[in-house]
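Structure file my_file.tsv (TSV, C-alpha atoms) is printed below.
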```tsv
chain	number	residue	atom	x	y	z
L	197	MET	CA	0.00	0.00	0.00
L	198	LYS	CA	1.25	3.45	-0.91
L	199	LYS	CA	1.07	6.06	1.85
L	200	ILE	CA	-0.56	9.12	0.29
L	201	PHE	CA	-2.11	11.86	2.42
L	202	THR	CA	-4.04	15.04	1.71
L	203	GLY	CA	-3.90	18.07	3.99
L	204	ILE	CA	-6.09	21.19	3.95
L	205	ASP	CA	-5.39	24.43	5.80
L	206	LEU	CA	-8.37	26.79	5.92
L	207	GLY	CA	-6.48	30.06	6.35
L	208	SER	CA	-7.79	33.62	6.34
L	209	TYR	CA	-5.52	34.69	3.47
L	210	GLY	CA	-5.45	31.47	1.49
L	211	ILE	CA	-6.77	27.93	1.51
L	212	LYS	CA	-3.79	25.63	1.13
L	213	MET	CA	-4.17	22.06	-0.08
L	214	ILE	CA	-1.40	19.53	-0.49
L	215	VAL	CA	-1.07	15.85	-1.40
L	216	CYS	CA	2.06	14.03	-0.17
L	217	GLU	CA	3.41	10.53	-0.51
L	218	CYS	CA	5.62	9.09	2.21
L	219	VAL	CA	8.32	6.74	0.90
L	220	ASN	CA	10.74	5.25	3.43
L	221	GLY	CA	9.99	8.06	5.85
L	222	ALA	CA	10.62	10.82	3.29
L	223	PHE	CA	7.77	13.03	2.11
L	224	HIS	CA	7.28	13.90	-1.55
L	225	VAL	CA	4.76	16.50	-2.69
L	226	LEU	CA	2.55	15.22	-5.50
L	227	ALA	CA	0.41	18.35	-5.74
L	228	ALA	CA	0.05	21.66	-3.91
L	229	THR	CA	-2.11	24.74	-4.35
L	230	SER	CA	-3.04	27.94	-2.54
L	231	VAL	CA	-6.32	29.66	-3.38
L	232	LYS	CA	-7.34	33.13	-2.23
L	233	SER	CA	-9.53	32.59	0.79
L	234	LYS	CA	-12.98	34.12	1.07
L	235	GLY	CA	-15.44	33.62	3.90
L	236	VAL	CA	-12.73	32.86	6.49
L	237	LYS	CA	-11.58	35.42	9.06
L	238	GLU	CA	-9.24	34.89	11.99
L	239	GLY	CA	-9.31	31.19	11.14
L	240	LEU	CA	-13.09	30.98	11.56
L	241	ILE	CA	-15.71	30.38	8.87
L	242	ILE	CA	-17.82	33.54	8.71
L	243	ASP	CA	-19.38	33.13	5.25
L	244	ARG	CA	-20.05	29.49	4.53
L	245	GLU	CA	-20.98	29.96	0.87
L	246	GLN	CA	-17.83	31.94	0.04
L	247	ALA	CA	-15.60	29.58	2.03
L	248	LEU	CA	-17.09	26.60	0.17
L	249	LEU	CA	-16.38	28.21	-3.21
L	250	SER	CA	-12.74	28.77	-2.20
L	251	LEU	CA	-12.39	25.20	-0.94
L	252	LYS	CA	-13.91	23.75	-4.11
L	253	LYS	CA	-11.50	25.82	-6.21
L	254	ALA	CA	-8.53	24.40	-4.29
L	255	LYS	CA	-9.94	20.88	-4.70
L	256	GLU	CA	-10.38	21.38	-8.44
L	257	ASN	CA	-6.78	22.58	-8.75
L	258	ILE	CA	-5.41	19.53	-6.96
L	259	GLU	CA	-7.62	17.11	-8.88
L	260	GLY	CA	-6.49	18.70	-12.13
L	261	ILE	CA	-2.87	18.05	-11.21
L	262	LEU	CA	-3.40	14.50	-9.96
L	263	GLY	CA	-5.98	13.38	-12.49
L	264	THR	CA	-8.19	11.78	-9.86
L	265	THR	CA	-10.69	12.74	-7.17
L	266	VAL	CA	-9.64	13.94	-3.72
L	267	ASP	CA	-12.26	12.78	-1.23
L	268	GLN	CA	-10.37	12.37	2.06
L	269	ALA	CA	-8.17	14.79	3.97
L	270	ILE	CA	-6.74	16.00	7.26
L	271	VAL	CA	-7.84	19.56	8.01
L	272	THR	CA	-6.79	22.33	10.37
L	273	VAL	CA	-9.28	23.44	13.02
L	274	PRO	CA	-9.32	26.68	15.02
L	275	SER	CA	-7.48	26.66	18.34
L	276	ASP	CA	-9.96	29.12	19.86
L	277	GLU	CA	-11.00	28.10	23.38
L	278	ILE	CA	-8.45	25.29	23.35
L	279	GLU	CA	-8.08	23.37	26.60
L	280	PHE	CA	-5.00	21.42	27.70
L	281	ASN	CA	-5.26	18.61	30.24
L	282	ILE	CA	-2.85	16.01	31.58
L	283	VAL	CA	-4.41	12.56	31.78
L	284	SER	CA	-3.20	9.12	32.80
L	285	GLY	CA	-4.34	5.55	32.39
L	286	GLU	CA	-3.28	1.99	33.12
L	287	ILE	CA	-4.09	-1.45	31.73
L	288	ALA	CA	-3.17	-5.00	32.72
L	289	LEU	CA	-1.00	-7.00	30.32
L	290	GLU	CA	-1.43	-10.64	29.48
L	291	GLU	CA	1.18	-12.83	31.14
L	292	GLY	CA	4.29	-13.03	28.97
L	293	ALA	CA	2.85	-10.73	26.30
L	294	LEU	CA	5.07	-8.22	24.54
L	295	VAL	CA	3.72	-4.67	24.49
L	296	ASP	CA	2.48	-3.91	20.99
L	297	ALA	CA	0.62	-1.15	19.15
L	298	GLN	CA	-2.75	-2.48	20.29
L	299	HIS	CA	-1.72	-2.29	23.94
L	300	ILE	CA	-0.64	1.31	23.40
L	301	SER	CA	-3.98	2.13	21.80
L	302	SER	CA	-5.81	0.51	24.69
L	303	VAL	CA	-3.94	2.40	27.40
L	304	LEU	CA	-4.47	5.69	25.53
L	305	GLN	CA	-8.18	4.92	25.39
L	306	GLU	CA	-8.21	4.22	29.11
L	307	ALA	CA	-6.40	7.50	29.81
L	308	VAL	CA	-8.85	9.67	27.88
L	309	LEU	CA	-12.04	7.87	28.90
L	310	GLY	CA	-14.44	10.34	30.51
L	311	LYS	CA	-11.90	13.18	30.41
L	312	VAL	CA	-13.54	15.23	27.61
L	313	SER	CA	-16.93	16.85	28.26
L	314	ASP	CA	-19.86	16.25	25.92
L	315	ASP	CA	-19.71	19.76	24.45
L	316	ARG	CA	-16.04	19.45	23.47
L	317	GLU	CA	-14.10	17.40	20.93
L	318	LEU	CA	-10.75	15.71	21.47
L	319	VAL	CA	-8.25	16.99	18.90
L	320	THR	CA	-4.84	15.69	20.00
L	321	MET	CA	-3.50	13.18	22.48
L	322	MET	CA	0.26	13.29	22.88
L	323	PRO	CA	1.93	10.78	25.23
L	324	ILE	CA	4.44	12.30	27.64
L	325	SER	CA	5.78	8.93	28.75
L	326	PHE	CA	4.83	5.31	29.38
L	327	SER	CA	5.52	3.08	32.35
L	328	VAL	CA	5.86	-0.70	32.42
L	329	ASP	CA	5.57	-2.27	35.89
L	330	GLY	CA	6.49	1.06	37.48
L	331	LYS	CA	9.54	1.65	35.28
L	332	GLU	CA	8.89	5.27	34.34
L	333	GLY	CA	10.07	7.57	31.56
L	334	VAL	CA	9.64	5.03	28.76
L	335	LYS	CA	9.13	6.75	25.39
L	336	ASP	CA	8.31	3.64	23.37
L	337	PRO	CA	7.30	0.55	25.36
L	338	LYS	CA	6.76	-1.72	22.35
L	339	GLY	CA	8.58	-5.03	22.82
L	340	MET	CA	8.77	-4.75	26.61
L	341	THR	CA	7.12	-7.25	28.97
L	342	GLY	CA	5.41	-6.78	32.30
L	343	GLU	CA	2.12	-6.99	34.16
L	344	THR	CA	0.93	-3.38	33.73
L	345	LEU	CA	1.28	-0.63	31.14
L	346	SER	CA	0.50	2.96	32.06
L	347	VAL	CA	0.71	6.30	30.26
L	348	LYS	CA	0.73	10.00	31.05
L	349	ALA	CA	-0.40	12.22	28.19
L	350	VAL	CA	-1.45	15.74	27.24
L	351	ILE	CA	-4.82	16.04	25.53
L	352	THR	CA	-6.31	19.05	23.80
L	353	SER	CA	-9.94	19.76	23.04
L	354	ILE	CA	-12.05	22.50	21.45
L	355	PRO	CA	-15.78	23.23	21.44
L	356	LYS	CA	-17.61	20.75	19.21
L	357	VAL	CA	-19.28	23.58	17.31
L	358	LEU	CA	-15.90	24.74	15.95
L	359	LEU	CA	-14.98	21.30	14.71
L	360	LYS	CA	-18.43	20.68	13.26
L	361	GLU	CA	-18.27	23.90	11.21
L	362	THR	CA	-15.00	22.84	9.61
L	363	VAL	CA	-15.81	19.19	9.06
L	364	SER	CA	-19.25	19.84	7.61
L	365	LEU	CA	-17.76	22.40	5.20
L	366	LEU	CA	-15.48	19.68	3.85
L	367	LYS	CA	-18.43	17.34	3.58
L	368	GLU	CA	-20.22	19.88	1.34
L	369	ALA	CA	-17.13	19.84	-0.88
L	370	GLU	CA	-17.38	16.00	-0.97
L	371	ILE	CA	-14.31	15.54	1.19
L	372	VAL	CA	-14.33	13.35	4.30
L	373	ALA	CA	-12.26	14.70	7.21
L	374	VAL	CA	-10.40	11.62	8.40
L	375	ASP	CA	-8.54	13.62	11.04
L	376	VAL	CA	-8.12	17.17	12.32
L	377	SER	CA	-5.09	19.10	13.53
L	378	PHE	CA	-4.07	22.46	14.90
L	379	ARG	CA	-2.09	24.76	12.63
L	380	ALA	CA	0.68	25.10	15.24
L	381	LEU	CA	1.12	21.34	15.41
L	382	GLY	CA	1.67	21.20	11.66
L	383	ASP	CA	4.20	24.04	11.89
L	384	TYR	CA	6.09	22.18	14.60
L	385	TYR	CA	6.25	18.92	12.69
L	386	GLU	CA	7.55	20.74	9.64
L	387	ALA	CA	10.29	22.37	11.72
L	388	LYS	CA	11.11	19.55	14.16
L	389	ASN	CA	14.42	17.78	14.44
L	390	ALA	CA	16.28	16.02	17.24
L	391	ASP	CA	17.61	19.28	18.71
L	392	ILE	CA	14.24	21.06	18.67
L	393	ASP	CA	12.59	17.97	20.15
L	394	SER	CA	15.00	17.87	23.08
L	395	GLY	CA	13.96	21.10	24.76
L	396	VAL	CA	11.37	23.86	24.99
L	397	SER	CA	10.52	25.57	21.70
L	398	ALA	CA	8.15	28.27	20.54
L	399	ILE	CA	6.38	28.28	17.17
L	400	VAL	CA	5.17	31.62	15.83
L	401	ASN	CA	2.97	31.69	12.75
L	402	LEU	CA	2.52	35.23	11.41
L	403	GLY	CA	-0.84	34.84	9.73
L	404	TYR	CA	-2.91	37.39	7.85
L	405	ASP	CA	-5.55	37.95	10.53
L	406	ASN	CA	-3.80	36.60	13.61
L	407	ILE	CA	-0.50	35.51	15.09
L	408	ASP	CA	-0.51	32.00	16.52
L	409	VAL	CA	2.03	31.38	19.31
L	410	ALA	CA	2.52	27.86	20.64
L	411	ILE	CA	4.93	26.37	23.18
L	412	PHE	CA	6.26	22.83	22.83
L	413	ASN	CA	8.12	20.87	25.50
L	414	LYS	CA	10.07	17.94	24.07
L	415	GLY	CA	7.73	17.69	21.10
L	416	ILE	CA	4.49	18.08	23.08
L	417	MET	CA	2.32	21.15	22.64
L	418	ILE	CA	1.62	22.57	26.08
L	419	LYS	CA	0.36	26.12	25.33
L	420	ASP	CA	-1.26	27.91	22.41
L	421	GLU	CA	-2.51	31.47	22.13
L	422	LYS	CA	-3.93	33.52	19.26
L	423	ILE	CA	-3.14	37.24	18.96
L	424	VAL	CA	-5.82	38.97	16.89
L	425	THR	CA	-3.58	40.89	14.51
L	426	GLY	CA	-1.38	39.91	11.60
L	427	SER	CA	0.17	40.87	8.28
L	428	ARG	CA	-3.13	42.47	7.29
L	429	GLU	CA	-1.85	45.45	9.30
L	430	ILE	CA	0.89	45.95	6.73
L	431	ASP	CA	-1.65	46.07	3.90
L	432	MET	CA	-3.77	48.55	5.84
L	433	GLU	CA	-0.78	50.80	6.53
L	434	ILE	CA	0.25	50.80	2.85
L	435	MET	CA	-3.34	51.60	1.84
L	436	LYS	CA	-3.42	54.48	4.30
L	437	ARG	CA	0.03	55.89	3.45
L	438	TYR	CA	-0.36	55.82	-0.32
L	439	TYR	CA	-4.14	55.95	-0.65
L	440	VAL	CA	-4.26	52.80	-2.82
L	441	LYS	CA	-6.71	49.92	-3.07
L	442	LYS	CA	-6.23	46.70	-1.12
L	443	GLY	CA	-5.11	44.69	-4.16
L	444	VAL	CA	-2.44	47.28	-4.99
L	445	ALA	CA	-1.25	47.31	-1.36
L	446	ARG	CA	-0.89	43.53	-1.34
L	447	ALA	CA	1.01	43.55	-4.62
L	448	LEU	CA	3.40	46.21	-3.32
L	449	LYS	CA	4.01	44.22	-0.14
L	450	GLU	CA	4.54	40.90	-1.89
L	451	ASN	CA	6.40	41.98	-5.04
L	452	PHE	CA	8.21	45.25	-4.33
L	453	ALA	CA	8.85	45.91	-0.65
L	454	ILE	CA	11.78	44.40	1.29
L	455	SER	CA	11.30	43.42	4.92
L	456	ASN	CA	14.70	44.80	5.98
L	457	THR	CA	15.79	48.24	4.78
L	458	ARG	CA	19.45	47.26	4.55
L	459	TYR	CA	18.55	45.35	1.39
L	460	ALA	CA	16.27	47.98	-0.12
L	461	ASP	CA	17.45	49.91	-3.19
L	462	ALA	CA	17.14	53.65	-2.57
L	463	SER	CA	17.02	54.30	-6.32
L	464	ASP	CA	14.36	51.71	-7.14
L	465	THR	CA	10.86	53.09	-7.68
L	466	ILE	CA	7.50	51.90	-8.98
L	467	GLU	CA	4.45	53.68	-10.37
L	468	VAL	CA	0.95	52.70	-9.25
L	469	MET	CA	-2.53	54.17	-9.41
L	470	ASN	CA	-4.06	55.58	-6.23
L	471	ARG	CA	-7.77	55.58	-5.40
L	472	ASP	CA	-8.27	58.81	-7.31
L	473	GLY	CA	-6.86	57.28	-10.49
L	474	GLU	CA	-3.67	59.30	-10.25
L	475	LYS	CA	-0.23	57.86	-10.90
L	476	ILE	CA	2.06	57.99	-7.88
L	477	THR	CA	5.69	56.97	-7.52
L	478	ILE	CA	6.78	54.87	-4.56
L	479	GLY	CA	10.39	54.25	-3.58
L	480	GLN	CA	11.50	50.81	-2.40
L	481	LEU	CA	13.42	52.18	0.56
L	482	GLU	CA	10.45	54.25	1.72
L	483	ILE	CA	7.90	51.42	1.59
L	484	SER	CA	10.41	48.97	3.08
L	485	GLU	CA	10.81	51.23	6.11
L	486	LEU	CA	7.04	51.06	6.59
L	487	VAL	CA	6.96	47.27	6.21
L	488	GLU	CA	9.91	46.70	8.54
L	489	SER	CA	8.34	48.92	11.20
L	490	LYS	CA	5.07	46.94	11.13
L	491	LEU	CA	6.91	43.60	11.14
L	492	VAL	CA	8.87	44.66	14.22
L	493	GLU	CA	5.59	45.54	15.95
L	494	LEU	CA	4.10	42.14	15.13
L	495	LEU	CA	7.19	40.20	16.21
L	496	LYS	CA	7.39	42.15	19.48
L	497	LEU	CA	3.79	41.14	20.21
L	498	ALA	CA	4.76	37.51	19.58
L	499	LYS	CA	7.80	37.85	21.83
L	500	LYS	CA	5.67	39.29	24.62
L	501	GLN	CA	3.19	36.42	24.25
L	502	ILE	CA	5.94	33.82	24.48
L	503	ASN	CA	7.07	35.37	27.77
L	504	LEU	CA	3.49	35.31	29.05
L	505	LEU	CA	2.97	31.66	28.07
L	506	THR	CA	6.09	30.23	29.70
L	507	LYS	CA	8.88	31.14	32.10
L	508	ARG	CA	10.94	28.18	30.96
L	509	GLU	CA	14.14	28.70	29.04
L	510	ILE	CA	13.38	28.63	25.32
L	511	SER	CA	15.89	26.73	23.21
L	512	TYR	CA	14.45	27.56	19.80
L	513	ILE	CA	11.96	30.05	18.39
L	514	ILE	CA	10.73	29.21	14.90
L	515	ILE	CA	8.91	31.83	12.83
L	516	THR	CA	6.73	30.86	9.88
L	517	GLY	CA	3.79	32.09	7.82
L	518	GLY	CA	3.66	33.42	4.28
L	519	ILE	CA	4.97	36.87	5.24
L	520	SER	CA	8.20	35.25	6.48
L	521	GLU	CA	9.16	34.60	2.84
L	522	MET	CA	9.94	38.31	2.35
L	523	ALA	CA	13.56	39.08	1.53
L	524	GLY	CA	15.59	40.00	4.61
L	525	PHE	CA	13.01	38.67	7.05
L	526	GLN	CA	15.53	36.73	9.16
L	527	TYR	CA	17.40	39.94	9.98
L	528	VAL	CA	14.21	41.51	11.31
L	529	VAL	CA	13.67	38.38	13.44
L	530	GLU	CA	17.19	38.60	14.88
L	531	ASN	CA	16.74	42.29	15.68
L	532	VAL	CA	13.62	41.55	17.74
L	533	PHE	CA	14.66	38.23	19.29
L	534	ASP	CA	18.18	36.85	19.11
L	535	ARG	CA	19.98	34.03	17.35
L	536	ARG	CA	17.79	31.42	19.03
L	537	ALA	CA	15.04	32.59	16.69
L	538	MET	CA	15.03	31.39	13.11
L	539	THR	CA	12.81	31.64	10.08
L	540	LEU	CA	11.51	28.27	8.93
L	541	ASP	CA	13.14	27.04	5.73
L	542	ILE	CA	11.05	24.40	3.96
L	543	ARG	CA	13.19	22.15	1.75
L	544	THR	CA	10.46	19.88	0.38
L	545	MET	CA	10.25	20.11	-3.42
L	546	GLY	CA	6.88	21.36	-4.60
L	547	ALA	CA	6.10	23.27	-1.40
L	548	ARG	CA	9.11	25.50	-0.77
L	549	ASN	CA	7.15	28.32	0.77
L	550	ASN	CA	6.36	28.89	4.43
L	551	MET	CA	2.68	29.39	3.67
L	552	TYR	CA	2.59	25.57	3.35
L	553	SER	CA	4.25	24.85	6.72
L	554	SER	CA	1.05	23.99	8.60
L	555	VAL	CA	-0.53	21.84	5.92
L	556	LEU	CA	2.70	20.02	5.04
L	557	GLY	CA	3.64	19.41	8.66
L	558	MET	CA	0.26	18.05	9.67
L	559	THR	CA	0.54	15.29	7.05
L	560	LYS	CA	3.79	14.33	8.75
L	561	TYR	CA	2.11	14.36	12.15
L	562	PHE	CA	-0.68	12.17	10.79
L	563	TYR	CA	1.92	9.69	9.49
L	564	TYR	CA	3.69	9.74	12.88
L	565	LYS	CA	0.43	8.84	14.64
L	566	LEU	CA	-0.18	5.97	12.24
L	567	GLU	CA	3.34	4.65	12.77
L	568	SER	CA	3.13	4.87	16.55
L	569	ARG	CA	-0.17	2.93	16.51
L	570	GLY	CA	1.23	0.33	14.08
L	571	LYS	CA	-1.23	1.17	11.32
L	572	GLU	CA	-1.02	1.73	7.56
L	573	TYR	CA	-3.32	3.99	5.62
L	574	SER	CA	-3.66	5.82	2.32
L	575	MET	CA	-6.24	8.44	1.42
L	576	PHE	CA	-6.41	7.07	-2.10
L	577	ARG	CA	-7.62	3.64	-3.10
L	578	GLU	CA	-5.08	1.31	-4.72
L	579	LYS	CA	-6.49	1.78	-8.22
L	580	GLU	CA	-6.42	5.56	-7.80
L	581	GLU	CA	-2.82	5.45	-6.55
L	582	ASN	CA	-1.76	3.84	-9.80
L	583	GLU	CA	-3.73	6.29	-11.91
L	584	ILE	CA	-2.60	9.55	-10.28
L	585	VAL	CA	-1.36	11.90	-13.03
L	586	ALA	CA	-2.09	9.24	-15.65
L	587	THR	CA	-5.71	10.17	-16.32
L	588	ASN	CA	-8.32	12.82	-15.65
L	589	ARG	CA	-10.93	10.22	-14.68
L	590	LYS	CA	-13.28	11.35	-11.92
L	591	VAL	CA	-14.36	8.95	-9.21
L	592	SER	CA	-17.71	9.43	-7.51
L	593	THR	CA	-17.85	9.20	-3.74
L	594	THR	CA	-20.67	8.54	-1.31
L	595	ARG	CA	-19.91	8.81	2.38
L	596	ASP	CA	-22.32	9.73	5.13
L	597	SER	CA	-20.23	10.25	8.25
L	598	ILE	CA	-19.29	13.79	9.23
L	599	LEU	CA	-16.02	12.88	10.95
L	600	ARG	CA	-14.57	9.52	10.02
L	601	ARG	CA	-11.28	9.47	11.82
L	602	VAL	CA	-9.57	6.43	10.39
L	603	PHE	CA	-7.91	5.32	13.59
L	604	GLU	CA	-8.95	7.88	16.22
L	605	TYR	CA	-6.37	7.69	18.97
L	606	PHE	CA	-6.95	4.16	20.06
L	607	SER	CA	-9.02	2.21	17.50
```
Conversion result in structure tokens:
Amino acid sequence: MKKIFTGIDLGSYGIKMIVCECVNGAFHVLAATSVKSKGVKEGLIIDREQALLSLKKAKENIEGILGTTVDQAIVTVPSDEIEFNIVSGEIALEEGALVDAQHISSVLQEAVLGKVSDDRELVTMMPISFSVDGKEGVKDPKGMTGETLSVKAVITSIPKVLLKETVSLLKEAEIVAVDVSFRALGDYYEAKNADIDSGVSAIVNLGYDNIDVAIFNKGIMIKDEKIVTGSREIDMEIMKRYYVKKGVARALKENFAISNTRYADASDTIEVMNRDGEKITIGQLEISELVESKLVELLKLAKKQINLLTKREISYIIITGGISEMAGFQYVVENVFDRRAMTLDIRTMGARNNMYSSVLGMTKYFYYKLESRGKEYSMFREKEENEIVATNRKVSTTRDSILRRVFEYFS
């Protein structure tokens, strides 16, 4: 069985959709697209009809690349009103039995049983450590023997209404949500390595409508907070300064301005139309000063939030989000933070842009969960796997469940 996964990130600026294949632990992008998002603000669906049109457009783009239907996916959900809880559970082991993936699933089920209220939905369950016959601090107990297996884990949950909004939107687009994930978790799994996993790290995603700040301790998300501001502020400031329309402001930000003035060309200028239909000339150095000033403001807010979320020593601070692709961005980061902070650098062919960090990383997290539970899964049927890119054939789909998590956390 091939291991092919689809991820969808319902962002305020763009809806990102990606299809990856995992081969020997390495991820290869088969298709990726970003569609201008409408009907989504601050990560929440505010206009269902517009959001559905944007999602369908992204789906059509991916299907056009692959030549087959996309009808299953992992999707990001809002982290608004997120709750973190530490839970524990214990099960008895059969005499002489080796701990296997099923035992791990069973003890996770025991740990979460009755711990999530009826009006909330479990989103993640991340084991802190396992214990076999009182031997604590075990990261992977598979293959061990004993009489009891116990686990301590961090679970997260959100109000059911938030999850239902997202999952039912996918259903209208004829996509089954097989799992859900937080954007910050995807960012972490895109950035993670052995060094980052060994200590306390902060993930900062500079989004269009909000800044998401999350704290991870040895790979486990322990805090997450949304700051209601983002790179939209840069667009608004450009609009105000030069009296131009929103589309012009965005184009200036993305295609002309430099995030750090040391790289701006004082002699470089561009002509644009203002709202009165008059031609105006804008210098690169001038607009870059504006952009850098707003970026510093946003990063200082993120820095303040990190300090509010944890007093622990931070080993790494990773900054991502589409705005972080601007030339010279790392120097702005270093001016606000220090050399512990770094801009994410995605190396995966086909998705080398930080706007894809959440959606690419959450496919990796999904694969990690499957591996840890000893399961195999593909979001494409075997016949479709062989026909990807070979044909434009469309496959009809009929599924009734709203959320069909393929393995939950303990199935």
**OP:** Find the residue from L:Ile282, L:Ile411, L:Ala293, L:Met522 that sits nearest to Glu450 (chain L); use only C-alpha atoms when measuring.
**Re:** L:Met522
Original post:
Residues around (7.2, 17.5, 11.4), cut-off 7 Å, counting only C-alpha atoms - what are they as a PyMOL selection string?
Top reply: chain L and resi 382+384-388+557+560-561
Original post:
Which residues, written as a ChimeraX atom specification, have at least one atom at most 12 Å from region 301-312 of chain L, with all atoms listed in the file counted and residues fewer than 5 positions away on the same chain left out?
Top reply: /L:279-289,295-296,317-328,337-338,344-356,565-571,603-607
Original post:
Between L:Arg536, L:Arg446, L:Lys436, L:Lys212, which is the closest to Ile510 (chain L) once you count all atoms listed in the file?
Top reply: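 Looking only at the distances to Ile510 (chain L), the closest residue turns out to be L:Arg536.
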**OP:** May I ask which of the residues L:Met213, L:Val219, L:Val236, L:Ala445 is the closest one to Ile261 (chain L), counting only C-alpha atoms?
**Re:**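 Between L:Met213, L:Val219, L:Val236, L:Ala445, the residue approaching Ile261 (chain L) most closely is L:Met213.
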Original post:
What does the distance from CA of Ile430 (chain L) to CA of Asn257 (chain L) come to in Å, to one decimal?
Top reply: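 Taking CA of Ile430 (chain L) as the start and CA of Asn257 (chain L) as the end point, the length is 29.1 Å.
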**OP:** May I have the residues within 9 Å of Ala498 (chain L) as an MDAnalysis selection string, using all atoms listed in the file and disregarding those fewer than 2 positions away in the same chain?
**Re:** chainID L and resid 400 402 407:409 423 493:496 500:503
Original post:
Given the choices L:Ile542, L:Lys442, L:Tyr527, L:Ile204, which gets closest to Val363 (chain L) if the distance is worked out from only C-alpha atoms?
Top reply: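 Between L:Ile542, L:Lys442, L:Tyr527, L:Ile204, the residue approaching Val363 (chain L) most closely is L:Ile204.
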**OP:** Mind giving me the straight-line distance from CA of Phe576 (chain L) to CA of Phe201 (chain L) in Å, one decimal?
**Re:**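 Computed distance, CA of Phe576 (chain L) to CA of Phe201 (chain L), equals 7.9 Å.
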**OP:** Take CA of Gly546 (chain L) and CA of Asn220 (chain L) and report the distance between them in Å, one decimal.
**Re:** 18.4 Å
Subject >> Radius query 7 Å about (-0.2, 9.0, -2.8), atoms used: all atoms listed in the file, as a list in words >> reply: Lys198, Lys199, Ile200, Phe201, Cys216, Glu217, Ser574, Phe576 and Glu581 of chain L
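Among the candidate residues L:Asn531, L:Gln526, L:Ser275, L:Gln298, the one lying nearest to Glu421 (chain L) is L:Ser275, with distances computed using only C-alpha atoms.
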**OP:** For Arg543 (chain L), please output as a ChimeraX atom specification all residues within 12 Å (counting only C-alpha atoms; exclusion window: fewer than 3 positions along the same chain).
**Re:** /L:222-225,386-387,540,546-550,552-553,556
**OP:** Using all atoms listed in the file, find the one residue out of L:Glu572, L:Glu474, L:Glu509, L:Asp205 that sits nearest to Arg379 (chain L).
**Re:**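 Comparing L:Glu572, L:Glu474, L:Glu509, L:Asp205 against Arg379 (chain L), the winner is L:Asp205.
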